[in-house]
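Beneath this line is the structure, given in structure tokens, with notes to follow.
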Amino acid sequence: MAIPFTINIPEERLAAIRAKVSAYDWGQLPDTGGWKSGVGISDLRRLVRYWDQAYDWRQVEKRLNQLPHFTTQIEGECIHFIHVHGDSSKPPLLLLHGWPGSFIEFEHLLEPLAACGHDVIVPSLPGFAFSTPITGVIGPRRAAELMNGLMGQLFGQSRYIVQGGDWGSGIAGWLAHDFAPALLGIHLNMADLLAQGTIATTPEERDFVARRDVLLDWETGYNHEQETRPQTLGVAMADSPVGAAAWILEKFGKWADLPRNAEGDPDIWSTFGEEQLLTNIMLYVATSSFITATWMYHGKRLEGSGKFPAGTYITVPTGFAAFRDPVFIPPPRSFVEKTFNIVHWTEMACGGHFAAWEQPQLMLDDLRSFVARITE
């Protein structure tokens with residue numbers, strides 16, 4: 001049974017975070033310059049200065065608590081979610097975030113989608129934010145089982161639609177693989193979960209694979225660490241709010257579709273504000289969920305769920321919004337069609353990895369178009 005939930009971080013936890021933020025010793029941090037070897041120190045200092053001098057979690061908490069929050073138990077796991085009611089004239093929608101995002105990525109989509117008639121469900125993934133504590137390591141395939149359990153608890157046998165990027169796309173894929181009869185369709189803005197052994201067969205596909213492999217070699221060290229040694233990483237991150245902020249801020253600077261200078265450094269402030277970024281960071285730091293959020297990567301390795309089995313073809317109708325993610329670059333449609341039943345495809349002019357946050361109207365319009373295609 002779902003229970004109404006109110007966010008209320010203990011004051012002693014907030015005081016401990018403030019003290020560590022204020023005491024961070026910048027003199028111990030050499031700077032290689034810009035973003036070429038990791039997070040830009042000047043941008044991090046700007047964010048931390050705001051955190052120390054201006055950020056008001058209690059005001060943010062008050063705003064977030066205006067949303068309809070709930071928690072429930074699914075197969076022994078605590079799951080937090082937002083549920084905005086529509087008039088049930090349209091199918092339920094399950095919106096899934098990834099790492100290092102959170103449920104707040106979808107804030108601007110909630111009311112418009114509910115106004116269209118959808119019941120809109122936005123969970124915190126297992127181990128993230130308020131979906132804690134969890135009983136142990138959970139990977140994306142197990143997370144899909146839990147998400148299907150949540151939707152079954154809320155809507156019985158009613159079929160539903162899933163939207164996801166990052167982990168959300170992988171979980172949506174496993175939902176379509178393992179629970180196809182429960183779904184009307186899935187809408188993705190990332191497509192790295194494909195059938196094992198998918199081969200590039202056209203010049204466009206081969207060019208994509210070559211570019212992808214170079215990017216991933218440079219940009220996914222975090223993935224290997226979180227996949228193989230999340231506990232060791234967590235020791236440092238649990239002790240350092242500024243360290244956790246740097247680890248997360250780097251991904252926003254590298255993965256979002258941002259203007260860049262001649263050296264390739266991002267103008268992160270052109271799209272994101274300090275309060276916005278810090279609220280997302282606090283959903284890891286204040287909730288002490290940074291470590292358990294990284295367990296999804298470890299779970300992927302333990303499950304072997306980074307690829308579908310060879311020969312898999314997902315028959316569930318699939319839409320893809322090809323946003324301009326600069327790291328996890330969108331594949332050619334023909335490459336994705338080797339694994340998915342693509343019925344809707346949109347090449348986006350702007351917006352990157354955090355699409356629902358960067359370009360909420362584009363995401364909203366594309367999701368509406370996909371829903372219309374598969375339901376009318």
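Letters A, B, ... go to the chains of the structure tokens in the order shown; residues in each chain start at 1; ligands are counted from 1 in the same order.
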Could you give me, as a ChimeraX atom specification, the residues within 12 Å of segment 120-122 of chain A, counting only C-alpha atoms and dropping anything in the same chain fewer than 2 positions from it? /A:67-71,79-88,90-98,102-118,124-125,131,147-148,150-151,154-155,160-164,168
Go ahead and save the picked residues with C-alpha atoms, as a compact mmCIF listing (two decimals), in the first residue's frame.
# COMPACT_ATOMS: atom_id res chain seq x y z
CA LEU A 67 4.37 17.47 -5.23
CA PRO A 68 2.38 14.32 -4.33
CA HIS A 69 5.04 12.01 -2.86
CA PHE A 70 4.48 8.43 -1.75
CA THR A 71 6.46 5.41 -0.63
CA ILE A 79 10.22 2.62 -3.42
CA HIS A 80 9.58 6.37 -3.41
CA PHE A 81 7.50 7.90 -6.20
CA ILE A 82 5.51 10.90 -7.30
CA HIS A 83 1.98 10.23 -8.51
CA VAL A 84 0.16 13.02 -10.34
CA HIS A 85 -3.39 12.00 -11.21
CA GLY A 86 -4.97 12.54 -14.61
CA ASP A 87 -8.55 11.67 -15.51
CA SER A 88 -7.51 8.18 -16.70
CA LYS A 90 -4.99 8.07 -21.35
CA PRO A 91 -2.72 5.18 -20.26
CA PRO A 92 -0.55 5.51 -17.15
CA LEU A 93 2.95 6.87 -17.76
CA LEU A 94 6.07 5.70 -15.94
CA LEU A 95 8.93 8.23 -16.22
CA LEU A 96 12.36 6.88 -15.26
CA HIS A 97 15.47 8.93 -14.52
CA GLY A 98 19.09 7.77 -14.49
CA SER A 102 16.74 12.23 -10.02
CA PHE A 103 12.98 12.47 -10.07
CA ILE A 104 13.18 16.28 -10.32
CA GLU A 105 14.28 15.99 -13.96
CA PHE A 106 10.61 15.50 -14.86
CA GLU A 107 9.06 18.33 -12.83
CA HIS A 108 8.03 20.36 -15.87
CA LEU A 109 6.32 17.39 -17.52
CA LEU A 110 4.07 16.35 -14.64
CA GLU A 111 1.12 18.71 -14.91
CA PRO A 112 1.01 18.90 -18.73
CA LEU A 113 0.94 15.10 -19.03
CA ALA A 114 -1.69 14.79 -16.29
CA ALA A 115 -3.74 17.43 -18.08
CA CYS A 116 -3.69 15.17 -21.15
CA GLY A 117 -5.36 12.44 -19.08
CA HIS A 118 -2.40 10.37 -17.92
CA SER A 124 13.26 7.35 -7.43
CA LEU A 125 15.14 4.33 -8.73
CA SER A 131 14.01 4.79 -2.39
CA MET A 147 9.01 -0.98 -11.44
CA ASN A 148 6.54 -3.39 -13.02
CA LEU A 150 4.92 -0.76 -8.64
CA MET A 151 2.75 -0.19 -11.70
CA LEU A 154 -1.10 1.09 -8.62
CA PHE A 155 -2.99 0.15 -11.78
CA TYR A 160 1.22 1.43 -19.36
CA ILE A 161 3.86 3.43 -21.26
CA VAL A 162 7.45 4.01 -20.12
CA GLN A 163 9.79 6.91 -20.87
CA GLY A 164 13.46 6.73 -19.93
CA GLY A 168 15.68 4.74 -17.37
Spatial neighbours of segment 291-306 of chain A, max dist 9 Å, only C-alpha atoms, sep filter under 3 positions, as a ChimeraX atom specification: /A:99-100,125-129,132-134,136-143,167,170,174,192-194,196,223-231,233-235,237-238,284,288,309
Could those residues be written to a file, using N, CA and C atoms, as a tab-separated table (two decimals), in the first residue's frame?
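The resulting file, selection_8.tsv, is reproduced below:
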chain	number	residue	atom	x	y	z
A	99	TRP	N	21.34	8.00	-13.66
A	99	TRP	CA	22.41	8.53	-12.81
A	99	TRP	C	23.23	9.51	-13.63
A	100	PRO	N	23.61	10.68	-13.10
A	100	PRO	CA	23.37	11.18	-11.75
A	100	PRO	C	22.18	12.12	-11.68
A	125	LEU	N	14.70	5.69	-8.48
A	125	LEU	CA	15.14	4.33	-8.73
A	125	LEU	C	15.62	3.68	-7.43
A	126	PRO	N	15.58	2.36	-7.35
A	126	PRO	CA	16.01	1.69	-6.12
A	126	PRO	C	17.43	2.09	-5.71
A	127	GLY	N	17.57	2.54	-4.47
A	127	GLY	CA	18.87	2.99	-3.96
A	127	GLY	C	19.13	4.47	-4.16
A	128	PHE	N	18.24	5.17	-4.87
A	128	PHE	CA	18.39	6.60	-5.13
A	128	PHE	C	17.46	7.40	-4.22
A	129	ALA	N	17.93	8.56	-3.79
A	129	ALA	CA	17.12	9.53	-3.04
A	129	ALA	C	16.36	8.85	-1.91
A	132	THR	N	15.18	4.27	-0.40
A	132	THR	CA	16.21	3.69	0.47
A	132	THR	C	15.59	3.45	1.84
A	133	PRO	N	16.18	2.55	2.65
A	133	PRO	CA	17.28	1.66	2.27
A	133	PRO	C	16.80	0.52	1.37
A	134	ILE	N	17.72	-0.07	0.63
A	134	ILE	CA	17.42	-1.28	-0.12
A	134	ILE	C	18.16	-2.45	0.51
A	136	GLY	N	20.00	-4.80	-0.76
A	136	GLY	CA	21.28	-5.19	-1.33
A	136	GLY	C	21.42	-4.63	-2.73
A	137	VAL	N	22.43	-5.08	-3.45
A	137	VAL	CA	22.70	-4.57	-4.80
A	137	VAL	C	21.54	-4.92	-5.74
A	138	ILE	N	21.08	-3.92	-6.47
A	138	ILE	CA	19.99	-4.09	-7.44
A	138	ILE	C	20.48	-3.58	-8.79
A	139	GLY	N	20.41	-4.40	-9.82
A	139	GLY	CA	20.77	-4.01	-11.18
A	139	GLY	C	19.54	-3.60	-11.98
A	140	PRO	N	19.74	-3.18	-13.22
A	140	PRO	CA	18.62	-2.65	-14.00
A	140	PRO	C	17.54	-3.69	-14.32
A	141	ARG	N	17.93	-4.95	-14.48
A	141	ARG	CA	16.90	-5.95	-14.78
A	141	ARG	C	16.01	-6.18	-13.55
A	142	ARG	N	16.63	-6.27	-12.38
A	142	ARG	CA	15.84	-6.39	-11.15
A	142	ARG	C	15.04	-5.12	-10.91
A	143	ALA	N	15.61	-3.97	-11.22
A	143	ALA	CA	14.87	-2.71	-11.07
A	143	ALA	C	13.63	-2.70	-11.96
A	167	TRP	N	19.81	5.23	-17.09
A	167	TRP	CA	19.29	3.98	-16.53
A	167	TRP	C	17.83	3.78	-16.89
A	170	GLY	N	17.59	1.76	-19.99
A	170	GLY	CA	17.92	0.36	-19.79
A	170	GLY	C	16.81	-0.38	-19.06
A	174	TRP	N	14.49	-3.54	-20.36
A	174	TRP	CA	14.25	-4.81	-19.67
A	174	TRP	C	12.78	-5.01	-19.33
A	192	ASP	N	21.68	2.36	-25.56
A	192	ASP	CA	22.92	1.59	-25.49
A	192	ASP	C	22.68	0.15	-25.06
A	193	LEU	N	21.43	-0.18	-24.71
A	193	LEU	CA	21.08	-1.57	-24.40
A	193	LEU	C	20.55	-2.21	-25.67
A	194	LEU	N	21.42	-2.97	-26.34
A	194	LEU	CA	21.07	-3.64	-27.59
A	194	LEU	C	21.37	-5.12	-27.44
A	196	GLN	N	23.26	-8.54	-27.72
A	196	GLN	CA	24.67	-8.93	-27.79
A	196	GLN	C	25.03	-9.31	-29.22
A	223	ASN	N	32.09	4.74	-14.92
A	223	ASN	CA	31.26	3.55	-15.06
A	223	ASN	C	32.01	2.31	-14.57
A	224	HIS	N	33.28	2.20	-14.97
A	224	HIS	CA	34.05	1.03	-14.58
A	224	HIS	C	34.27	1.01	-13.06
A	225	GLU	N	34.54	2.19	-12.49
A	225	GLU	CA	34.73	2.27	-11.05
A	225	GLU	C	33.44	1.90	-10.31
A	226	GLN	N	32.32	2.45	-10.75
A	226	GLN	CA	31.06	2.19	-10.06
A	226	GLN	C	30.58	0.76	-10.30
A	227	GLU	N	30.96	0.19	-11.42
A	227	GLU	CA	30.60	-1.20	-11.71
A	227	GLU	C	31.39	-2.18	-10.85
A	228	THR	N	32.66	-1.87	-10.63
A	228	THR	CA	33.55	-2.86	-10.02
A	228	THR	C	33.92	-2.56	-8.57
A	229	ARG	N	34.02	-1.28	-8.19
A	229	ARG	CA	34.46	-0.92	-6.85
A	229	ARG	C	33.60	0.19	-6.23
A	230	PRO	N	32.29	0.04	-6.24
A	230	PRO	CA	31.46	1.12	-5.69
A	230	PRO	C	31.68	1.36	-4.21
A	231	GLN	N	32.03	0.32	-3.46
A	231	GLN	CA	32.19	0.49	-2.02
A	231	GLN	C	33.40	1.37	-1.70
A	233	LEU	N	34.83	3.67	-3.68
A	233	LEU	CA	34.47	5.03	-4.07
A	233	LEU	C	33.57	5.66	-3.02
A	234	GLY	N	32.65	4.87	-2.52
A	234	GLY	CA	31.67	5.39	-1.56
A	234	GLY	C	32.29	5.87	-0.27
A	235	VAL	N	33.41	5.27	0.15
A	235	VAL	CA	34.07	5.71	1.38
A	235	VAL	C	34.42	7.19	1.29
A	237	MET	N	33.16	9.44	-1.01
A	237	MET	CA	32.00	10.28	-1.30
A	237	MET	C	31.09	10.47	-0.09
A	238	ALA	N	31.01	9.45	0.77
A	238	ALA	CA	30.19	9.59	1.97
A	238	ALA	C	30.75	10.65	2.91
A	284	TYR	N	21.35	13.16	-3.46
A	284	TYR	CA	22.33	12.11	-3.20
A	284	TYR	C	23.01	12.31	-1.84
A	288	SER	N	22.02	10.47	1.95
A	288	SER	CA	23.06	9.43	2.12
A	288	SER	C	22.87	8.28	1.14
A	309	PRO	N	20.33	-10.76	-24.55
A	309	PRO	CA	20.90	-11.97	-25.16
A	309	PRO	C	20.96	-11.84	-26.68
I want to know what sits within 9 Å of segment 198-208 of chain A, based on only C-alpha atoms, with residues of the same chain fewer than 2 positions away left out; could you give that as an mmCIF file with N, CA and C atoms, in the first residue's frame?
data_model
loop_
_atom_site.group_PDB
_atom_site.id
_atom_site.type_symbol
_atom_site.label_atom_id
_atom_site.label_comp_id
_atom_site.auth_asym_id
_atom_site.auth_seq_id
_atom_site.Cartn_x
_atom_site.Cartn_y
_atom_site.Cartn_z
ATOM 1 N N LEU A 194 21.420 -2.967 -26.340
ATOM 2 C CA LEU A 194 21.073 -3.635 -27.587
ATOM 3 C C LEU A 194 21.365 -5.124 -27.436
ATOM 4 N N ALA A 195 21.006 -5.891 -28.429
ATOM 5 C CA ALA A 195 21.283 -7.328 -28.391
ATOM 6 C C ALA A 195 22.781 -7.578 -28.494
ATOM 7 N N GLN A 196 23.263 -8.537 -27.716
ATOM 8 C CA GLN A 196 24.669 -8.934 -27.787
ATOM 9 C C GLN A 196 25.033 -9.307 -29.218
ATOM 10 N N ALA A 210 32.585 3.695 -34.467
ATOM 11 C CA ALA A 210 33.953 4.207 -34.298
ATOM 12 C C ALA A 210 33.967 5.444 -33.402
ATOM 13 N N ARG A 211 33.047 6.363 -33.650
ATOM 14 C CA ARG A 211 32.982 7.580 -32.824
ATOM 15 C C ARG A 211 32.567 7.249 -31.401
ATOM 16 N N ARG A 212 31.601 6.358 -31.262
ATOM 17 C CA ARG A 212 31.137 5.951 -29.929
ATOM 18 C C ARG A 212 32.273 5.346 -29.110
ATOM 19 N N ASP A 213 33.054 4.480 -29.730
ATOM 20 C CA ASP A 213 34.102 3.784 -28.987
ATOM 21 C C ASP A 213 35.181 4.740 -28.496
ATOM 22 N N ALA A 310 21.951 -12.486 -27.286
ATOM 23 C CA ALA A 310 22.097 -12.460 -28.745
ATOM 24 C C ALA A 310 20.795 -12.897 -29.407
ATOM 25 N N GLY A 311 20.424 -12.183 -30.458
ATOM 26 C CA GLY A 311 19.223 -12.516 -31.206
ATOM 27 C C GLY A 311 17.950 -11.903 -30.670
ATOM 28 N N ILE A 329 26.292 9.291 -27.795
ATOM 29 C CA ILE A 329 25.728 9.825 -29.033
ATOM 30 C C ILE A 329 24.639 8.894 -29.567
ATOM 31 N N PRO A 330 23.568 9.469 -30.103
ATOM 32 C CA PRO A 330 22.473 8.624 -30.590
ATOM 33 C C PRO A 330 22.894 7.803 -31.805
ATOM 34 N N PRO A 331 22.531 6.525 -31.828
ATOM 35 C CA PRO A 331 22.866 5.686 -32.975
ATOM 36 C C PRO A 331 22.000 6.032 -34.181
ATOM 37 N N PRO A 332 22.393 5.573 -35.361
ATOM 38 C CA PRO A 332 21.494 5.651 -36.506
ATOM 39 C C PRO A 332 20.244 4.808 -36.244
ATOM 40 N N SER A 334 18.761 2.783 -38.134
ATOM 41 C CA SER A 334 18.901 1.413 -38.634
ATOM 42 C C SER A 334 19.608 0.510 -37.628
ATOM 43 N N PHE A 335 20.519 1.087 -36.843
ATOM 44 C CA PHE A 335 21.267 0.308 -35.856
ATOM 45 C C PHE A 335 20.361 -0.103 -34.699
ATOM 46 N N LYS A 338 17.788 -2.961 -35.285
ATOM 47 C CA LYS A 338 18.235 -4.359 -35.226
ATOM 48 C C LYS A 338 17.745 -5.048 -33.952
ATOM 49 N N THR A 339 17.419 -4.233 -32.908
ATOM 50 C CA THR A 339 16.966 -4.790 -31.630
ATOM 51 C C THR A 339 15.539 -4.385 -31.283
#
According to DSSP computed on the backbone, where in segment 41-223 of chain A is there alpha helix (DSSP H)? Give the residues as number ranges by chain. A: 41-53, 57-64, 107-115, 140-155, 167-178, 203-219, 221-223
Compare A:Gly101, A:Thr32, A:Gln361, A:Phe130 by their minimum atom-to-atom distance to Ile281 of chain A, counting only C-alpha atoms, and give me the closest one.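 Closest to Ile281 of chain A, using only C-alpha atoms: A:Gly101.
For segment 262-376 of chain A, the set of residues given strand (DSSP E or B) by DSSP on the backbone reads A:Pro266, A:Phe308, A:Ile314, A:Thr315, A:Val316, A:Pro317, A:Thr318, A:Gly319, A:Phe320, A:Ala321, A:Ala322, A:Phe340, A:Asn341, A:Ile342, A:Val343, A:His344, A:Trp345, A:Thr346, A:Glu347.
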A:Ala244, A:Asp365, A:Pro30, A:Glu358: which is nearest Ser270 of chain A, counting only C-alpha atoms?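 The answer is A:Glu358, which sits nearest to Ser270 of chain A.
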What's around Arg13 of chain A at 12 Å? Count only C-alpha atoms, leave out sequence neighbours fewer than 5 positions away in its own chain, and write the answer as a PyMOL selection string. chain A and resi 8+18-20+57+241+282+285-288
Could you take the residues named above and write them with N, CA and C atoms, as a CSV table (one decimal), in the first residue's frame?
chain,number,residue,atom,x,y,z
A,8,ASN,N,11.8,15.5,4.7
A,8,ASN,CA,12.2,16.2,5.9
A,8,ASN,C,13.5,15.7,6.3
A,18,ARG,N,26.7,21.3,5.8
A,18,ARG,CA,27.1,22.7,5.8
A,18,ARG,C,28.5,22.9,6.3
A,19,ALA,N,28.8,22.2,7.4
A,19,ALA,CA,30.1,22.3,8.1
A,19,ALA,C,31.2,21.8,7.1
A,20,LYS,N,31.0,20.7,6.5
A,20,LYS,CA,32.0,20.1,5.6
A,20,LYS,C,32.2,20.9,4.3
A,57,TRP,N,18.1,24.8,1.6
A,57,TRP,CA,17.5,23.5,1.4
A,57,TRP,C,16.0,23.5,1.9
A,241,PRO,N,30.9,16.0,0.9
A,241,PRO,CA,29.9,16.6,0.0
A,241,PRO,C,30.4,17.3,-1.2
A,282,MET,N,21.9,17.3,-3.7
A,282,MET,CA,21.5,17.1,-2.3
A,282,MET,C,20.6,15.8,-2.3
A,285,VAL,N,23.4,13.5,-1.6
A,285,VAL,CA,24.2,13.8,-0.4
A,285,VAL,C,23.4,13.8,0.9
A,286,ALA,N,22.3,14.6,0.9
A,286,ALA,CA,21.5,14.7,2.1
A,286,ALA,C,20.8,13.4,2.5
A,287,THR,N,20.5,12.6,1.5
A,287,THR,CA,19.8,11.3,1.7
A,287,THR,C,20.7,10.2,2.0
A,288,SER,N,22.0,10.5,2.0
A,288,SER,CA,23.1,9.4,2.1
A,288,SER,C,22.9,8.3,1.1
Can you list, as a CSV table (one decimal) with N, CA and C atoms, in the first residue's frame, every protein, DNA or RNA residue that comes within 12 Å of segment 260-266 of chain A when you count only C-alpha atoms, leaving out same-chain residues fewer than 5 positions away?
chain,number,residue,atom,x,y,z
A,33,GLY,N,43.6,23.1,-15.1
A,33,GLY,CA,43.1,24.1,-16.0
A,33,GLY,C,41.9,23.7,-16.8
A,34,GLY,N,40.7,24.4,-16.7
A,34,GLY,CA,39.5,24.1,-17.4
A,34,GLY,C,39.0,22.7,-17.1
A,35,TRP,N,38.4,22.1,-18.1
A,35,TRP,CA,37.7,20.8,-18.0
A,35,TRP,C,38.4,19.7,-18.6
A,36,LYS,N,39.6,19.9,-19.1
A,36,LYS,CA,40.2,18.9,-19.9
A,36,LYS,C,40.6,17.6,-19.2
A,37,SER,N,40.8,17.6,-17.9
A,37,SER,CA,41.1,16.4,-17.2
A,37,SER,C,40.1,16.1,-16.1
A,38,GLY,N,38.9,16.7,-16.2
A,38,GLY,CA,37.9,16.4,-15.2
A,38,GLY,C,37.1,17.7,-14.9
A,39,VAL,N,36.4,17.8,-13.8
A,39,VAL,CA,35.5,18.9,-13.6
A,39,VAL,C,36.3,20.2,-13.6
A,40,GLY,N,35.7,21.3,-14.1
A,40,GLY,CA,36.3,22.6,-14.1
A,40,GLY,C,36.3,23.1,-12.7
A,41,ILE,N,37.5,23.4,-12.1
A,41,ILE,CA,37.5,23.8,-10.7
A,41,ILE,C,36.9,25.2,-10.5
A,42,SER,N,37.0,26.1,-11.4
A,42,SER,CA,36.3,27.4,-11.3
A,42,SER,C,34.8,27.3,-11.2
A,43,ASP,N,34.3,26.4,-12.0
A,43,ASP,CA,32.8,26.2,-12.0
A,43,ASP,C,32.4,25.4,-10.7
A,249,LEU,N,28.8,17.0,-10.9
A,249,LEU,CA,28.8,18.2,-11.7
A,249,LEU,C,29.6,17.9,-13.0
A,250,GLU,N,30.6,17.1,-12.9
A,250,GLU,CA,31.4,16.8,-14.2
A,250,GLU,C,30.5,16.2,-15.2
A,251,LYS,N,29.5,15.4,-14.8
A,251,LYS,CA,28.6,14.7,-15.8
A,251,LYS,C,27.7,15.7,-16.5
A,252,PHE,N,27.2,16.6,-15.7
A,252,PHE,CA,26.4,17.7,-16.3
A,252,PHE,C,27.2,18.5,-17.3
A,253,GLY,N,28.4,18.8,-16.9
A,253,GLY,CA,29.2,19.6,-17.8
A,253,GLY,C,29.6,18.9,-19.1
A,254,LYS,N,29.8,17.6,-19.0
A,254,LYS,CA,30.2,16.8,-20.1
A,254,LYS,C,29.1,16.2,-21.0
A,255,TRP,N,28.0,15.9,-20.3
A,255,TRP,CA,26.9,15.2,-21.0
A,255,TRP,C,25.8,16.0,-21.6
A,271,THR,N,22.6,26.8,-19.1
A,271,THR,CA,21.4,25.9,-19.1
A,271,THR,C,20.9,25.6,-17.7
A,272,PHE,N,21.9,25.5,-16.8
A,272,PHE,CA,21.6,25.1,-15.4
A,272,PHE,C,21.9,26.2,-14.4
A,326,PRO,N,26.3,14.6,-26.2
A,326,PRO,CA,27.7,14.7,-26.7
A,326,PRO,C,28.6,13.5,-26.4
Coordinates-based distance that separates atom CA of Asp267 of chain A from atom CA of Val214 of chain A (Å, one decimal): 23.1 Å
Gap from atom CA of Phe323 of chain A to atom CA of Ala355 of chain A - Å, one decimal: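 Pair atom CA of Phe323 of chain A / atom CA of Ala355 of chain A returns 6.9 Å.
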